[in-house]
Every structure is written in C-alpha cells, then in structure tokens.
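Colleague: protein-v7.tsv is the file, holding TSV, C-alpha atoms:
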chain	number	residue	atom	x	y	z
T	50	MET	CA	0.00	0.00	0.00
T	51	ARG	CA	1.39	3.38	-1.04
T	52	LEU	CA	0.39	6.33	1.12
T	53	ASP	CA	0.73	8.99	-1.58
T	54	GLY	CA	-1.19	12.24	-2.03
T	55	TRP	CA	-4.09	10.50	-3.78
T	56	CYS	CA	-4.50	8.11	-0.89
T	57	TRP	CA	-4.57	10.89	1.72
T	58	ALA	CA	-6.82	13.15	-0.38
T	59	SER	CA	-9.27	10.30	-0.80
T	60	PHE	CA	-9.08	9.30	2.86
T	61	PHE	CA	-9.82	12.79	4.16
T	62	GLY	CA	-12.42	13.51	1.49
T	63	ARG	CA	-14.19	10.21	2.06
T	64	TRP	CA	-14.26	10.63	5.82
T	65	VAL	CA	-15.50	14.21	5.76
T	66	VAL	CA	-18.28	13.63	3.23
T	67	GLY	CA	-19.07	10.23	4.77
T	68	LEU	CA	-19.43	11.68	8.26
T	69	ILE	CA	-21.60	14.55	7.02
T	70	PHE	CA	-24.10	12.14	5.48
T	71	LEU	CA	-23.73	9.47	8.18
T	72	MET	CA	-24.52	11.90	10.98
T	73	ALA	CA	-27.39	13.50	9.06
T	74	GLY	CA	-28.85	10.04	8.48
T	75	TRP	CA	-28.21	9.04	12.10
T	76	PHE	CA	-30.13	12.05	13.39
T	77	LYS	CA	-33.01	11.52	10.95
T	78	VAL	CA	-33.32	7.79	11.67
T	79	PHE	CA	-32.61	7.60	15.41
T	80	ASN	CA	-33.55	11.05	16.77
T	81	MET	CA	-36.22	12.44	14.50
T	82	GLY	CA	-37.41	9.15	13.03
T	83	ALA	CA	-37.60	8.47	9.30
T	84	VAL	CA	-41.41	8.64	9.21
T	85	GLU	CA	-41.42	11.95	11.08
T	86	HIS	CA	-38.73	13.24	8.71
T	87	ALA	CA	-40.93	12.30	5.76
T	88	ARG	CA	-44.08	13.76	7.29
T	89	ARG	CA	-42.61	17.05	8.45
T	90	LEU	CA	-40.02	17.88	5.81
T	91	PHE	CA	-41.49	16.24	2.73
T	92	VAL	CA	-45.25	15.61	2.91
T	93	GLU	CA	-46.28	18.67	4.94
T	94	GLY	CA	-43.48	20.82	3.57
T	95	TYR	CA	-44.47	20.23	-0.06
T	96	ALA	CA	-48.22	19.63	0.24
T	97	ASP	CA	-48.87	22.89	-1.61
T	98	THR	CA	-46.73	21.91	-4.62
T	99	TRP	CA	-47.38	19.72	-7.65
T	100	ILE	CA	-45.55	16.75	-6.07
T	101	PRO	CA	-48.01	14.04	-4.98
T	102	ALA	CA	-47.89	12.64	-1.45
T	103	TRP	CA	-47.41	9.11	-2.82
T	104	LEU	CA	-44.00	10.26	-4.11
T	105	LEU	CA	-43.06	12.41	-1.11
T	106	TRP	CA	-43.59	9.64	1.45
T	107	PRO	CA	-41.13	7.08	0.02
T	108	LEU	CA	-38.53	9.77	-0.70
T	109	GLY	CA	-38.82	11.24	2.77
T	110	VAL	CA	-38.61	7.86	4.51
T	111	SER	CA	-35.80	6.40	2.38
T	112	ILE	CA	-33.40	9.35	2.22
T	113	PRO	CA	-32.36	9.10	5.90
T	114	PHE	CA	-31.44	5.43	5.46
T	115	VAL	CA	-29.50	6.14	2.25
T	116	GLU	CA	-27.59	8.87	4.10
T	117	LEU	CA	-26.91	6.64	7.11
T	118	ILE	CA	-25.81	3.53	5.24
T	119	GLY	CA	-24.07	5.38	2.40
T	120	GLY	CA	-22.20	7.58	4.86
T	121	ALA	CA	-20.86	4.56	6.74
T	122	LEU	CA	-19.87	2.87	3.48
T	123	VAL	CA	-18.04	5.96	2.22
T	124	CYS	CA	-16.10	6.27	5.48
T	125	VAL	CA	-14.75	2.72	5.27
T	126	GLY	CA	-14.34	2.94	1.52
T	127	LEU	CA	-16.80	0.28	0.40
T	128	ARG	CA	-19.04	0.93	-2.61
T	129	VAL	CA	-17.85	4.53	-2.53
T	130	ARG	CA	-18.85	5.42	-6.10
T	131	GLU	CA	-22.36	4.02	-5.70
T	132	SER	CA	-22.87	5.81	-2.38
T	133	LEU	CA	-21.59	9.13	-3.74
T	134	ILE	CA	-23.90	8.84	-6.74
T	135	ALA	CA	-26.79	8.27	-4.31
T	136	PHE	CA	-25.68	11.38	-2.37
T	137	GLY	CA	-25.62	13.34	-5.62
T	138	GLY	CA	-29.19	12.24	-6.28
T	139	ILE	CA	-30.23	13.34	-2.81
T	140	LEU	CA	-28.59	16.72	-3.38
T	141	VAL	CA	-30.47	17.13	-6.67
T	142	ILE	CA	-33.75	16.32	-4.89
T	143	VAL	CA	-32.99	18.72	-2.03
T	144	THR	CA	-31.91	21.48	-4.42
T	145	TYR	CA	-35.06	21.08	-6.49
T	146	GLY	CA	-37.22	21.13	-3.37
T	147	HIS	CA	-35.64	24.31	-2.06
T	148	LEU	CA	-35.86	26.01	-5.44
T	149	LEU	CA	-39.49	24.90	-5.86
T	150	LYS	CA	-40.36	26.73	-2.64
T	151	ASP	CA	-38.01	29.69	-3.26
T	152	PRO	CA	-36.64	30.14	-6.82
T	153	PHE	CA	-33.88	32.36	-5.42
T	154	HIS	CA	-32.81	29.96	-2.65
T	155	ASP	CA	-29.11	30.35	-1.86
T	156	ILE	CA	-27.44	26.96	-2.29
T	157	SER	CA	-24.03	28.23	-1.16
T	158	GLY	CA	-24.54	26.75	2.30
T	159	HIS	CA	-24.91	23.05	2.96
T	160	ILE	CA	-25.95	22.01	-0.56
T	161	PHE	CA	-22.98	23.42	-2.45
T	162	THR	CA	-20.45	22.32	0.17
T	163	ARG	CA	-21.72	18.75	0.12
T	164	LEU	CA	-21.86	18.72	-3.67
T	165	ALA	CA	-18.27	19.95	-3.92
T	166	LEU	CA	-17.08	17.19	-1.58
T	167	VAL	CA	-19.07	14.52	-3.42
T	168	VAL	CA	-17.68	15.62	-6.79
T	169	LEU	CA	-14.15	15.89	-5.44
T	170	VAL	CA	-14.15	12.37	-4.02
T	171	LEU	CA	-15.82	11.02	-7.18
T	172	MET	CA	-12.97	12.45	-9.24
T	173	ILE	CA	-10.29	10.55	-7.33
T	174	PRO	CA	-9.42	7.35	-9.24
T	175	ARG	CA	-10.63	4.37	-7.23
T	176	GLU	CA	-7.48	2.42	-7.95
T	177	ARG	CA	-5.45	5.19	-6.24
T	178	ASP	CA	-7.46	5.04	-2.99
T	179	HIS	CA	-5.22	2.47	-1.31
T	180	GLY	CA	-6.88	3.03	2.06
T	181	SER	CA	-10.35	1.94	0.97
T	182	LEU	CA	-12.01	-1.45	1.15
T	183	ASP	CA	-12.92	-1.06	-2.52
T	184	TYR	CA	-9.21	-0.99	-3.33
T	185	TRP	CA	-8.45	-4.01	-1.19
T	186	PHE	CA	-11.34	-6.05	-2.58
T	187	PHE	CA	-11.36	-4.99	-6.24
T	188	TYR	CA	-8.09	-3.37	-7.31
T	189	ARG	CA	-5.23	-4.80	-5.27
T	190	LYS	CA	-5.62	-8.26	-6.76
T	191	ASN	CA	-5.21	-6.79	-10.27
T	192	GLU	CA	-1.84	-5.28	-9.29
T	193	GLU	CA	-0.39	-8.55	-8.01
Starting from the file, give its structure as structure tokens.
Modeller:
Amino acid sequence: MRLDGWCWASFFGRWVVGLIFLMAGWFKVFNMGAVEHARRLFVEGYADTWIPAWLLWPLGVSIPFVELIGGALVCVGLRVRESLIAFGGILVIVTYGHLLKDPFHDISGHIFTRLALVVLVLMIPRERDHGSLDYWFFYRKNEE
C-alpha cells in the first residue's frame, strides 16, 4: 500500500463527506425518526406543490437510510462510487425542493459544500485510494 497524495486526499475527502451524510442520516433515523422526517419535511413541507404525497412519502422515509448507510460505506471505503452517486441524487432532490419553494434559494450553504465534496471524491481514481475497502477487494488483486 502506497500512502501517496491520492490516498490521503481520498481518505480525508471520504471521511468528511461520509461523516456529514452518516450523521445526518443518524439524526433523521434515530432522533427524528424516518417517518417523522418524511411527514414534516417532505409531505407537509411540499403539500402545496405539484408533487403528490405518494411520491413524497417514500422519498422522505428512504433518504435518511440512504444517508446513514451510504455515509458509513463511504467512510470505510466500500461501494464509494455508488454511495456518492446516491448522495448526488439526494442533493439534486434537495436542491429542487428548495428552489421549488423559493426560486432564489441560496445553495451556497450546505448544498454546495456537500456537492463539492461529493464531486471531489468522485474524481479521485478508485485504484489510487489504497486506504479503501474497494481498493483491497477490487483493485489490489489486479496489481499482483
């Protein structure tokens, strides 16, 4: 295992973005509750929009679990690309929701920061992330 700049950049990037989503998911699942998250922030929050409740409920309930599980996976480096793509999808949904309510919503806060981290970590070649489980399971054997 080579601990070069790519490895460290990926390690720190993965852990920061992973913890952000892991802790958000943790709070929504274990403190707020996924159903309460869906009811309060999705169904009630967007009842006056074109989006039907039958779509808001599954999105609102599932997003906390995607954040929780994906965040943990990104931290340890397993299925990183898939988890980051799921995070990107969540960020698109959140951005659309905010802009639907306020077309001039400022995304420079949590949305843009998370997106920048997701994109940054996605750009790091997986075969250079020697500290991830993905590397150890899928790439190391090809180098031997």
Colleague: Please provide the set of residues having any atom within 8 Å of range 117-132 of chain T, restricted to all atoms listed in the file, with same-chain residues fewer than 5 positions apart removed, written as a list of chain:residue names.
Modeller: T:Arg63, T:Trp64, T:Val65, T:Val66, T:Gly67, T:Leu68, T:Ile69, T:Phe70, T:Leu71, T:Met72, T:Ala73, T:Gly74, T:Trp75, T:Val78, T:Leu171, T:Gly180, T:Ser181, T:Leu182, T:Asp183
Colleague: Calculate how many Å separate CA of Phe136 in chain T from CA of Val167 in chain T, rounding to one decimal.
Modeller: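 Result for CA of Phe136 in chain T versus CA of Val167 in chain T: 7.4 Å, one decimal.
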Colleague: Using only C-alpha atoms, which residues sit within 12 Å of His147 in chain T once same-chain residues fewer than 2 positions away are excluded, as number ranges by chain?
Modeller: T: 90-91, 94-95, 98, 140-145, 149-156, 159-160
Colleague: Output C-alpha atoms for every residue in that selection, as a compact mmCIF listing (two decimals), in the coordinates of the input.
Modeller:
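Saved file part-v8.txt follows:
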# COMPACT_ATOMS: atom_id res chain seq x y z
CA LEU T 90 -40.02 17.88 5.81
CA PHE T 91 -41.49 16.24 2.73
CA GLY T 94 -43.48 20.82 3.57
CA TYR T 95 -44.47 20.23 -0.06
CA THR T 98 -46.73 21.91 -4.62
CA LEU T 140 -28.59 16.72 -3.38
CA VAL T 141 -30.47 17.13 -6.67
CA ILE T 142 -33.75 16.32 -4.89
CA VAL T 143 -32.99 18.72 -2.03
CA THR T 144 -31.91 21.48 -4.42
CA TYR T 145 -35.06 21.08 -6.49
CA LEU T 149 -39.49 24.90 -5.86
CA LYS T 150 -40.36 26.73 -2.64
CA ASP T 151 -38.01 29.69 -3.26
CA PRO T 152 -36.64 30.14 -6.82
CA PHE T 153 -33.88 32.36 -5.42
CA HIS T 154 -32.81 29.96 -2.65
CA ASP T 155 -29.11 30.35 -1.86
CA ILE T 156 -27.44 26.96 -2.29
CA HIS T 159 -24.91 23.05 2.96
CA ILE T 160 -25.95 22.01 -0.56
Colleague: Please, what distance in Å, to one decimal, runs between CA of Phe186 in chain T and CA of Val170 in chain T?
Modeller: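 We find that CA of Phe186 in chain T and CA of Val170 in chain T lie 18.7 Å from each other.
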Colleague: So what do you get for CA of Tyr188 in chain T versus CA of Phe114 in chain T, distance-wise?
Modeller: 28.0 Å
Colleague: Go through T:Arg175, T:Val84, T:Arg89, T:Asp53 one by one, measure the shortest atom-to-atom distance of each to Val110 in chain T using only C-alpha atoms, and give the residue with the smallest value.
Modeller: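 Looking only at the distances to Val110 in chain T, the closest residue turns out to be T:Val84.
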Colleague: Here is a test: counting only C-alpha atoms, which residue of T:Met81, T:Gly109, T:Ser157, T:Gly137 is nearest to Glu93 in chain T?
Modeller: T:Gly109
Colleague: Compare T:Tyr184, T:Ala135, T:Gly62, T:Val92 by their minimum atom-to-atom distance to Thr162 in chain T, counting only C-alpha atoms, and give me the closest one.
Modeller: T:Gly62
Colleague: Would you please work out which residue, of T:Ala87, T:Leu166, T:Phe79, T:Trp185, is nearest to Leu104 in chain T when using all atoms listed in the file?
Modeller: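 Ranked by minimum distance to Leu104 in chain T, first place goes to T:Ala87.
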Colleague: With all atoms listed in the file as the basis for distance, which of T:Ile112, T:Ile100, T:Ala58, T:Val168 is at the shortest distance from Lys77 in chain T?
Modeller: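 Under the stated criterion, the closest residue is T:Ile112.
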Colleague: Need to verify the contact set: Gly54 in chain T, 10 Å, only C-alpha atoms, exclusion of same-chain residues closer than 5 positions in sequence. Can you return it as a PyMOL selection string?
Modeller: chain T and resi 59-60+177-178
Colleague: Kindly output range 69-94 of chain T as an mmCIF file, keeping the file's coordinate frame, after building N, CA, C and O atoms.
Modeller:
data_model
loop_
_atom_site.group_PDB
_atom_site.id
_atom_site.type_symbol
_atom_site.label_atom_id
_atom_site.label_comp_id
_atom_site.auth_asym_id
_atom_site.auth_seq_id
_atom_site.Cartn_x
_atom_site.Cartn_y
_atom_site.Cartn_z
ATOM 1 N N ILE T 69 -20.503 13.583 7.186
ATOM 2 C CA ILE T 69 -21.600 14.550 7.020
ATOM 3 C C ILE T 69 -22.906 13.813 6.743
ATOM 4 O O ILE T 69 -23.939 14.077 7.377
ATOM 5 N N PHE T 70 -22.878 12.866 5.815
ATOM 6 C CA PHE T 70 -24.100 12.140 5.480
ATOM 7 C C PHE T 70 -24.465 11.113 6.544
ATOM 8 O O PHE T 70 -25.646 10.933 6.867
ATOM 9 N N LEU T 71 -23.475 10.441 7.113
ATOM 10 C CA LEU T 71 -23.730 9.470 8.180
ATOM 11 C C LEU T 71 -24.434 10.123 9.361
ATOM 12 O O LEU T 71 -25.453 9.613 9.853
ATOM 13 N N MET T 72 -23.929 11.250 9.806
ATOM 14 C CA MET T 72 -24.520 11.900 10.980
ATOM 15 C C MET T 72 -25.889 12.508 10.668
ATOM 16 O O MET T 72 -26.780 12.504 11.530
ATOM 17 N N ALA T 73 -26.063 13.012 9.445
ATOM 18 C CA ALA T 73 -27.390 13.500 9.060
ATOM 19 C C ALA T 73 -28.390 12.341 9.059
ATOM 20 O O ALA T 73 -29.508 12.465 9.572
ATOM 21 N N GLY T 74 -27.987 11.218 8.493
ATOM 22 C CA GLY T 74 -28.850 10.040 8.480
ATOM 23 C C GLY T 74 -29.109 9.513 9.884
ATOM 24 O O GLY T 74 -30.223 9.116 10.224
ATOM 25 N N TRP T 75 -28.071 9.505 10.714
ATOM 26 C CA TRP T 75 -28.210 9.040 12.100
ATOM 27 C C TRP T 75 -29.266 9.856 12.833
ATOM 28 O O TRP T 75 -30.147 9.310 13.485
ATOM 29 N N PHE T 76 -29.158 11.181 12.723
ATOM 30 C CA PHE T 76 -30.130 12.050 13.390
ATOM 31 C C PHE T 76 -31.538 11.781 12.868
ATOM 32 O O PHE T 76 -32.487 11.656 13.645
ATOM 33 N N LYS T 77 -31.681 11.696 11.539
ATOM 34 C CA LYS T 77 -33.010 11.520 10.950
ATOM 35 C C LYS T 77 -33.615 10.165 11.277
ATOM 36 O O LYS T 77 -34.834 10.054 11.435
ATOM 37 N N VAL T 78 -32.801 9.129 11.382
ATOM 38 C CA VAL T 78 -33.320 7.790 11.670
ATOM 39 C C VAL T 78 -33.549 7.606 13.166
ATOM 40 O O VAL T 78 -34.613 7.149 13.579
ATOM 41 N N PHE T 79 -32.561 7.958 13.998
ATOM 42 C CA PHE T 79 -32.610 7.600 15.410
ATOM 43 C C PHE T 79 -33.125 8.709 16.330
ATOM 44 O O PHE T 79 -33.589 8.409 17.430
ATOM 45 N N ASN T 80 -33.044 9.962 15.934
ATOM 46 C CA ASN T 80 -33.550 11.050 16.770
ATOM 47 C C ASN T 80 -34.913 11.526 16.296
ATOM 48 O O ASN T 80 -35.867 11.560 17.073
ATOM 49 N N MET T 81 -34.979 11.924 15.052
ATOM 50 C CA MET T 81 -36.220 12.440 14.500
ATOM 51 C C MET T 81 -37.164 11.296 14.121
ATOM 52 O O MET T 81 -38.362 11.377 14.338
ATOM 53 N N GLY T 82 -36.623 10.254 13.559
ATOM 54 C CA GLY T 82 -37.410 9.150 13.030
ATOM 55 C C GLY T 82 -37.667 9.375 11.545
ATOM 56 O O GLY T 82 -38.028 10.484 11.133
ATOM 57 N N ALA T 83 -37.468 8.339 10.760
ATOM 58 C CA ALA T 83 -37.600 8.470 9.300
ATOM 59 C C ALA T 83 -39.017 8.852 8.884
ATOM 60 O O ALA T 83 -39.205 9.651 7.960
ATOM 61 N N VAL T 84 -40.021 8.314 9.556
ATOM 62 C CA VAL T 84 -41.410 8.640 9.210
ATOM 63 C C VAL T 84 -41.709 10.094 9.558
ATOM 64 O O VAL T 84 -42.351 10.812 8.777
ATOM 65 N N GLU T 85 -41.221 10.550 10.701
ATOM 66 C CA GLU T 85 -41.420 11.950 11.080
ATOM 67 C C GLU T 85 -40.674 12.876 10.117
ATOM 68 O O GLU T 85 -41.186 13.937 9.746
ATOM 69 N N HIS T 86 -39.493 12.479 9.706
ATOM 70 C CA HIS T 86 -38.730 13.240 8.710
ATOM 71 C C HIS T 86 -39.557 13.383 7.434
ATOM 72 O O HIS T 86 -39.689 14.475 6.880
ATOM 73 N N ALA T 87 -40.120 12.277 6.986
ATOM 74 C CA ALA T 87 -40.930 12.300 5.760
ATOM 75 C C ALA T 87 -42.171 13.176 5.941
ATOM 76 O O ALA T 87 -42.488 13.997 5.073
ATOM 77 N N ARG T 88 -42.853 12.994 7.052
ATOM 78 C CA ARG T 88 -44.080 13.760 7.290
ATOM 79 C C ARG T 88 -43.806 15.259 7.352
ATOM 80 O O ARG T 88 -44.424 16.042 6.644
ATOM 81 N N ARG T 89 -42.845 15.636 8.196
ATOM 82 C CA ARG T 89 -42.610 17.050 8.450
ATOM 83 C C ARG T 89 -41.922 17.761 7.286
ATOM 84 O O ARG T 89 -42.351 18.829 6.860
ATOM 85 N N LEU T 90 -40.842 17.173 6.791
ATOM 86 C CA LEU T 90 -40.020 17.880 5.810
ATOM 87 C C LEU T 90 -40.404 17.617 4.359
ATOM 88 O O LEU T 90 -40.044 18.397 3.486
ATOM 89 N N PHE T 91 -41.109 16.541 4.103
ATOM 90 C CA PHE T 91 -41.490 16.240 2.730
ATOM 91 C C PHE T 91 -42.989 16.411 2.499
ATOM 92 O O PHE T 91 -43.402 17.247 1.721
ATOM 93 N N VAL T 92 -43.803 15.618 3.186
ATOM 94 C CA VAL T 92 -45.250 15.610 2.910
ATOM 95 C C VAL T 92 -45.891 16.943 3.299
ATOM 96 O O VAL T 92 -46.552 17.576 2.467
ATOM 97 N N GLU T 93 -45.702 17.379 4.541
ATOM 98 C CA GLU T 93 -46.280 18.670 4.940
ATOM 99 C C GLU T 93 -45.568 19.831 4.277
ATOM 100 O O GLU T 93 -46.203 20.807 3.873
ATOM 101 N N GLY T 94 -44.248 19.732 4.139
ATOM 102 C CA GLY T 94 -43.480 20.820 3.570
ATOM 103 C C GLY T 94 -43.766 21.098 2.100
ATOM 104 O O GLY T 94 -43.596 22.220 1.626
#
